[in-house]
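Structure data (compact mmCIF, C-alpha atoms) from start-v1.txt:
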```
# COMPACT_ATOMS: atom_id res chain seq x y z
CA MET A 10 0.00 0.00 0.00
CA ARG A 11 1.25 3.43 -0.92
CA ASN A 12 0.42 6.61 0.95
CA TYR A 13 -0.68 9.75 -0.90
CA GLU A 14 -1.88 13.21 -0.05
CA THR A 15 -3.88 15.43 -2.39
CA THR A 16 -4.38 19.08 -1.60
CA PHE A 17 -6.78 21.07 -3.74
CA ILE A 18 -8.31 24.54 -3.78
CA VAL A 19 -12.02 24.91 -4.52
CA ASP A 20 -13.46 28.07 -6.08
CA PRO A 21 -14.93 30.21 -3.25
CA VAL A 22 -17.71 31.63 -5.45
CA LEU A 23 -19.65 28.38 -5.03
CA SER A 24 -22.14 28.01 -2.20
CA GLY A 25 -21.09 26.17 0.96
CA GLU A 26 -23.05 23.08 -0.04
CA GLU A 27 -21.51 23.01 -3.53
CA ILE A 28 -18.00 23.33 -2.07
CA LYS A 29 -18.58 20.39 0.27
CA ALA A 30 -20.20 18.37 -2.53
CA THR A 31 -17.17 19.00 -4.75
CA ALA A 32 -14.78 17.77 -2.08
CA GLN A 33 -16.98 14.78 -1.29
CA ALA A 34 -17.12 13.85 -4.99
CA TYR A 35 -13.34 13.50 -5.11
CA VAL A 36 -13.26 11.55 -1.85
CA ASP A 37 -15.90 9.20 -3.29
CA THR A 38 -13.87 8.81 -6.47
CA LEU A 39 -10.88 7.71 -4.39
CA GLN A 40 -13.00 5.19 -2.49
CA LYS A 41 -14.34 3.74 -5.77
CA GLU A 42 -10.75 3.20 -6.90
CA GLY A 43 -10.10 1.08 -3.82
CA CYS A 44 -8.32 3.69 -1.71
CA GLU A 45 -8.65 3.86 2.04
CA ILE A 46 -9.24 7.43 3.23
CA VAL A 47 -7.03 8.18 6.23
CA PHE A 48 -8.04 11.79 6.87
CA VAL A 49 -9.90 14.63 5.17
CA ASP A 50 -8.90 18.09 6.37
CA GLU A 51 -11.03 21.08 5.41
CA MET A 52 -8.59 23.93 5.97
CA GLY A 53 -11.18 26.54 5.08
CA LEU A 54 -11.11 29.81 3.21
CA ARG A 55 -7.60 31.22 2.79
CA THR A 56 -6.03 34.05 0.86
CA LEU A 57 -3.93 32.96 -2.10
CA ALA A 58 -0.38 34.16 -2.59
CA TYR A 59 -1.30 35.27 -6.11
CA ASP A 60 -4.51 35.47 -8.13
CA ILE A 61 -5.71 32.29 -9.84
CA ASN A 62 -8.48 32.76 -12.43
CA LYS A 63 -9.06 36.27 -11.05
CA ARG A 64 -9.67 34.87 -7.55
CA ASN A 65 -7.61 35.96 -4.57
CA ASN A 66 -8.87 33.36 -2.09
CA GLY A 67 -10.01 29.74 -2.10
CA VAL A 68 -11.27 26.91 0.09
CA TYR A 69 -8.46 24.44 0.83
CA TYR A 70 -8.95 20.70 1.28
CA CYS A 71 -6.33 18.08 2.05
CA VAL A 72 -7.11 14.37 1.60
CA GLU A 73 -4.69 11.75 2.93
CA TYR A 74 -5.23 8.21 1.66
CA THR A 75 -3.60 4.85 0.98
CA ALA A 76 -3.84 3.11 -2.38
CA PRO A 77 -2.79 -0.34 -3.61
CA ASN A 78 -0.97 1.28 -6.56
CA GLY A 79 -0.78 4.61 -8.33
CA ALA A 80 -2.38 3.53 -11.61
CA PHE A 81 -5.58 5.53 -11.00
CA LEU A 82 -3.78 8.84 -10.39
CA ASN A 83 -3.61 9.88 -14.06
CA ASN A 84 -7.40 9.68 -14.49
CA TYR A 85 -7.98 11.21 -11.04
CA GLU A 86 -5.79 14.23 -11.77
CA LEU A 87 -7.23 14.57 -15.28
CA GLY A 88 -10.69 14.91 -13.73
CA MET A 89 -9.40 17.63 -11.40
CA ARG A 90 -7.72 19.46 -14.28
CA ARG A 91 -10.96 19.50 -16.26
CA ASP A 92 -13.14 20.55 -13.34
CA GLU A 93 -13.69 24.33 -13.33
CA ARG A 94 -14.54 24.29 -9.63
CA ILE A 95 -10.96 23.27 -8.75
CA LEU A 96 -8.49 26.16 -8.94
CA ARG A 97 -5.31 24.15 -8.20
CA PHE A 98 -4.33 20.73 -6.90
CA LEU A 99 -1.21 18.86 -5.86
CA THR A 100 -0.80 15.14 -5.25
CA VAL A 101 2.29 13.86 -3.45
CA ALA A 102 3.43 10.38 -2.46
CA LEU A 103 4.20 10.27 1.26
CA ASP A 104 7.17 8.41 2.68
CA LYS A 105 7.22 7.01 6.21
CA TYR A 106 8.31 10.38 7.62
CA GLY A 107 5.44 12.21 5.92
CA VAL A 108 2.95 9.68 7.27
CA GLN A 109 4.39 10.03 10.78
CA TYR A 110 4.36 13.83 10.54
CA ASN A 111 0.66 13.85 9.53
CA ALA A 112 -0.20 11.43 12.35
CA ASP A 113 1.61 13.62 14.88
CA LYS A 114 -0.10 16.72 13.50
CA ARG A 115 -3.54 15.14 13.89
CA ALA A 116 -2.63 14.06 17.45
CA GLY A 117 -1.75 17.66 18.34
CA LYS A 118 1.97 17.10 18.87
CA ILE A 119 2.88 19.43 16.00
CA GLY A 120 1.30 22.73 15.11
CA LYS A 121 -0.53 25.27 17.18
CA ALA A 122 1.63 25.40 20.30
CA LYS A 123 0.91 28.13 22.79
CA ARG A 124 3.73 30.61 23.10
CA HIS A 125 4.60 32.11 26.44
CA LYS A 126 4.76 35.89 26.42
CA GLN A 127 7.94 37.38 27.77
CA GLU A 128 7.52 39.93 30.50
CA LYS A 129 8.46 43.45 29.48
CA PRO A 130 10.10 45.82 31.96
CA ALA A 131 7.78 48.45 33.35
CA LYS A 132 7.91 51.86 31.70
CA ASN A 133 8.93 53.56 34.96
CA GLU A 134 12.04 51.42 35.40
CA PRO A 135 15.27 52.87 34.02
CA ALA A 136 16.96 51.15 31.12
CA ALA A 137 19.70 48.64 31.90
CA HIS A 138 22.52 51.00 30.90
CA GLY A 139 21.39 53.79 33.22
CA ILE A 140 20.46 56.40 30.60
CA SER A 141 16.83 57.16 30.18
CA ARG A 142 15.57 56.37 26.71
CA LYS A 143 14.01 59.78 26.14
CA LYS A 144 17.22 61.73 26.67
CA ALA A 145 19.42 59.28 24.77
CA ASP A 146 17.22 59.11 21.66
CA SER A 147 16.14 62.72 21.21
CA PRO A 148 18.63 65.46 22.09
CA HIS A 149 17.17 68.96 22.20
CA LEU A 150 18.92 71.71 20.31
CA THR A 151 18.79 75.36 21.27
CA GLY A 152 19.89 78.43 19.44
CA VAL A 153 18.88 80.41 16.43
CA PRO A 154 19.31 78.54 13.17
CA SER A 155 21.64 80.75 11.16
CA GLY A 156 23.29 78.04 9.10
CA ASP A 157 26.30 78.19 11.40
CA ALA A 158 27.05 74.92 13.20
CA GLU A 159 28.54 76.75 16.21
CA SER A 160 25.26 78.51 16.99
CA PHE A 161 23.61 75.23 18.05
CA LYS A 162 24.17 73.90 21.57
CA GLU A 163 23.08 70.54 22.84
CA GLU A 164 21.07 70.37 26.06
CA GLU A 165 21.79 67.62 28.51
```

Would you mind giving the structure from this file in structure tokens?
Amino acid sequence: MRNYETTFIVDPVLSGEEIKATAQAYVDTLQKEGCEIVFVDEMGLRTLAYDINKRNNGVYYCVEYTAPNGAFLNNYELGMRRDERILRFLTVALDKYGVQYNADKRAGKIGKAKRHKQEKPAKNEPAAHGISRKKADSPHLTGVPSGDAESFKEEE
């Protein structure tokens, strides 16, 4: 058995029911070919990096499955190429590391980890080097601007 993953982008102009029906049609096609569906991930509406068919967003789906062989892939991808509802697709063969990564991702070991916020020093505390930030960053100049550099004096 070989492991595959197909990611495809559905046109967002379709209604919610039509989008789900489109994705389900391709999952059903895989099952008819004798594939075992491992996981179907609806990633939702996302902004595209560049416009595709004058669309700047799309609904992403990722289908992970196992197949006895890859003979059906040519017809499967041909159907996706001809379908106007599919903006783009990509099918990859997964090795053992890809399968393990996807399993860990589904189990929650990889992905959305909570980050701890670092505590910031209070605004009233002096900076570590002893000079207040306001005086160090913005010196005030006094004098009448006459174009002469000696007429300006720096305040401390």

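The protein and nucleic acid residues lying at most 12 Å from Gly43 (chain A) are Met10, Arg11, Val36, Asp37, Thr38, Tyr74, Thr75, Ala76, Pro77, Asn78, Gly79, Ala80, Phe81 and Leu82 of chain A, with all atoms listed in the file considered and sequence neighbours fewer than 5 positions away removed.
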
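Among the candidate residues A:Arg97, A:Arg91, A:Lys114, A:Lys105, the one lying nearest to Asn62 (chain A) is A:Arg97, with distances computed using all atoms listed in the file.
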
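For the set A:Gly53, A:Gly120, A:Gly88, A:Gly25, the residue with the smallest atom-to-atom gap to Gly67 (chain A) is A:Gly53, counting all atoms listed in the file.
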
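Those residues that approach Asp50 (chain A) to within 9 Å, counting only C-alpha atoms, are Tyr69, Tyr70, Cys71, Val72 and Glu73 of chain A; same-chain residues fewer than 5 positions away are not listed.
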
Problem - 12 Å contact set for region 33-35 of chain A, all atoms listed in the file, chain neighbours under 2 positions out, as a ChimeraX atom specification - result: /A:15-17,19,26-31,37-42,44,46,49-51,70-74,82,84-89,92,94-95,98

Completion step: region 29-50 of chain A with N, CA, C and O atoms as a short mmCIF file (atom, residue, chain, number, x, y, z; two decimals), in the coordinates of the input:
```cif
data_model
loop_
_atom_site.label_atom_id
_atom_site.label_comp_id
_atom_site.auth_asym_id
_atom_site.auth_seq_id
_atom_site.Cartn_x
_atom_site.Cartn_y
_atom_site.Cartn_z
N LYS A 29 -18.68 21.68 -0.42
CA LYS A 29 -18.58 20.39 0.27
C LYS A 29 -18.90 19.23 -0.66
O LYS A 29 -18.28 18.16 -0.58
N ALA A 30 -19.85 19.42 -1.57
CA ALA A 30 -20.20 18.37 -2.53
C ALA A 30 -19.04 18.10 -3.48
O ALA A 30 -18.79 16.95 -3.86
N THR A 31 -18.33 19.15 -3.88
CA THR A 31 -17.17 19.00 -4.75
C THR A 31 -16.09 18.17 -4.06
O THR A 31 -15.54 17.22 -4.64
N ALA A 32 -15.79 18.51 -2.82
CA ALA A 32 -14.78 17.77 -2.08
C ALA A 32 -15.21 16.33 -1.86
O ALA A 32 -14.42 15.39 -2.03
N GLN A 33 -16.47 16.13 -1.52
CA GLN A 33 -16.98 14.78 -1.29
C GLN A 33 -16.95 13.95 -2.56
O GLN A 33 -16.70 12.74 -2.52
N ALA A 34 -17.16 14.57 -3.71
CA ALA A 34 -17.12 13.85 -4.99
C ALA A 34 -15.74 13.26 -5.23
O ALA A 34 -15.60 12.12 -5.70
N TYR A 35 -14.69 14.02 -4.91
CA TYR A 35 -13.34 13.50 -5.11
C TYR A 35 -12.95 12.45 -4.07
O TYR A 35 -12.23 11.52 -4.37
N VAL A 36 -13.48 12.58 -2.86
CA VAL A 36 -13.26 11.55 -1.85
C VAL A 36 -13.96 10.26 -2.27
O VAL A 36 -13.39 9.16 -2.16
N ASP A 37 -15.17 10.38 -2.81
CA ASP A 37 -15.90 9.20 -3.29
C ASP A 37 -15.19 8.54 -4.46
O ASP A 37 -15.16 7.30 -4.57
N THR A 38 -14.62 9.35 -5.34
CA THR A 38 -13.87 8.81 -6.47
C THR A 38 -12.69 7.98 -5.98
O THR A 38 -12.40 6.91 -6.52
N LEU A 39 -12.01 8.47 -4.96
CA LEU A 39 -10.88 7.71 -4.39
C LEU A 39 -11.35 6.39 -3.79
O LEU A 39 -10.71 5.35 -3.98
N GLN A 40 -12.48 6.42 -3.11
CA GLN A 40 -13.00 5.19 -2.49
C GLN A 40 -13.41 4.18 -3.56
O GLN A 40 -13.24 2.98 -3.38
N LYS A 41 -13.96 4.64 -4.69
CA LYS A 41 -14.34 3.74 -5.77
C LYS A 41 -13.12 3.07 -6.39
O LYS A 41 -13.21 1.96 -6.90
N GLU A 42 -11.98 3.76 -6.34
CA GLU A 42 -10.75 3.20 -6.90
C GLU A 42 -10.07 2.23 -5.94
O GLU A 42 -9.02 1.69 -6.26
N GLY A 43 -10.65 2.03 -4.77
CA GLY A 43 -10.10 1.08 -3.82
C GLY A 43 -9.16 1.70 -2.80
O GLY A 43 -8.43 0.99 -2.12
N CYS A 44 -9.18 3.00 -2.68
CA CYS A 44 -8.32 3.69 -1.71
C CYS A 44 -8.99 3.73 -0.34
O CYS A 44 -10.20 3.78 -0.23
N GLU A 45 -8.15 3.71 0.67
CA GLU A 45 -8.65 3.86 2.04
C GLU A 45 -8.36 5.30 2.48
O GLU A 45 -7.21 5.73 2.50
N ILE A 46 -9.39 6.04 2.82
CA ILE A 46 -9.24 7.43 3.23
C ILE A 46 -8.75 7.45 4.67
O ILE A 46 -9.40 6.92 5.56
N VAL A 47 -7.59 8.07 4.89
CA VAL A 47 -7.03 8.18 6.23
C VAL A 47 -7.59 9.40 6.94
O VAL A 47 -8.02 9.32 8.10
N PHE A 48 -7.59 10.55 6.24
CA PHE A 48 -8.04 11.79 6.87
C PHE A 48 -8.41 12.81 5.80
O PHE A 48 -7.73 12.92 4.79
N VAL A 49 -9.50 13.53 6.04
CA VAL A 49 -9.90 14.63 5.17
C VAL A 49 -9.88 15.89 6.03
O VAL A 49 -10.57 15.97 7.03
N ASP A 50 -9.06 16.85 5.61
CA ASP A 50 -8.90 18.09 6.37
C ASP A 50 -9.45 19.25 5.55
O ASP A 50 -8.93 19.56 4.48
#
```
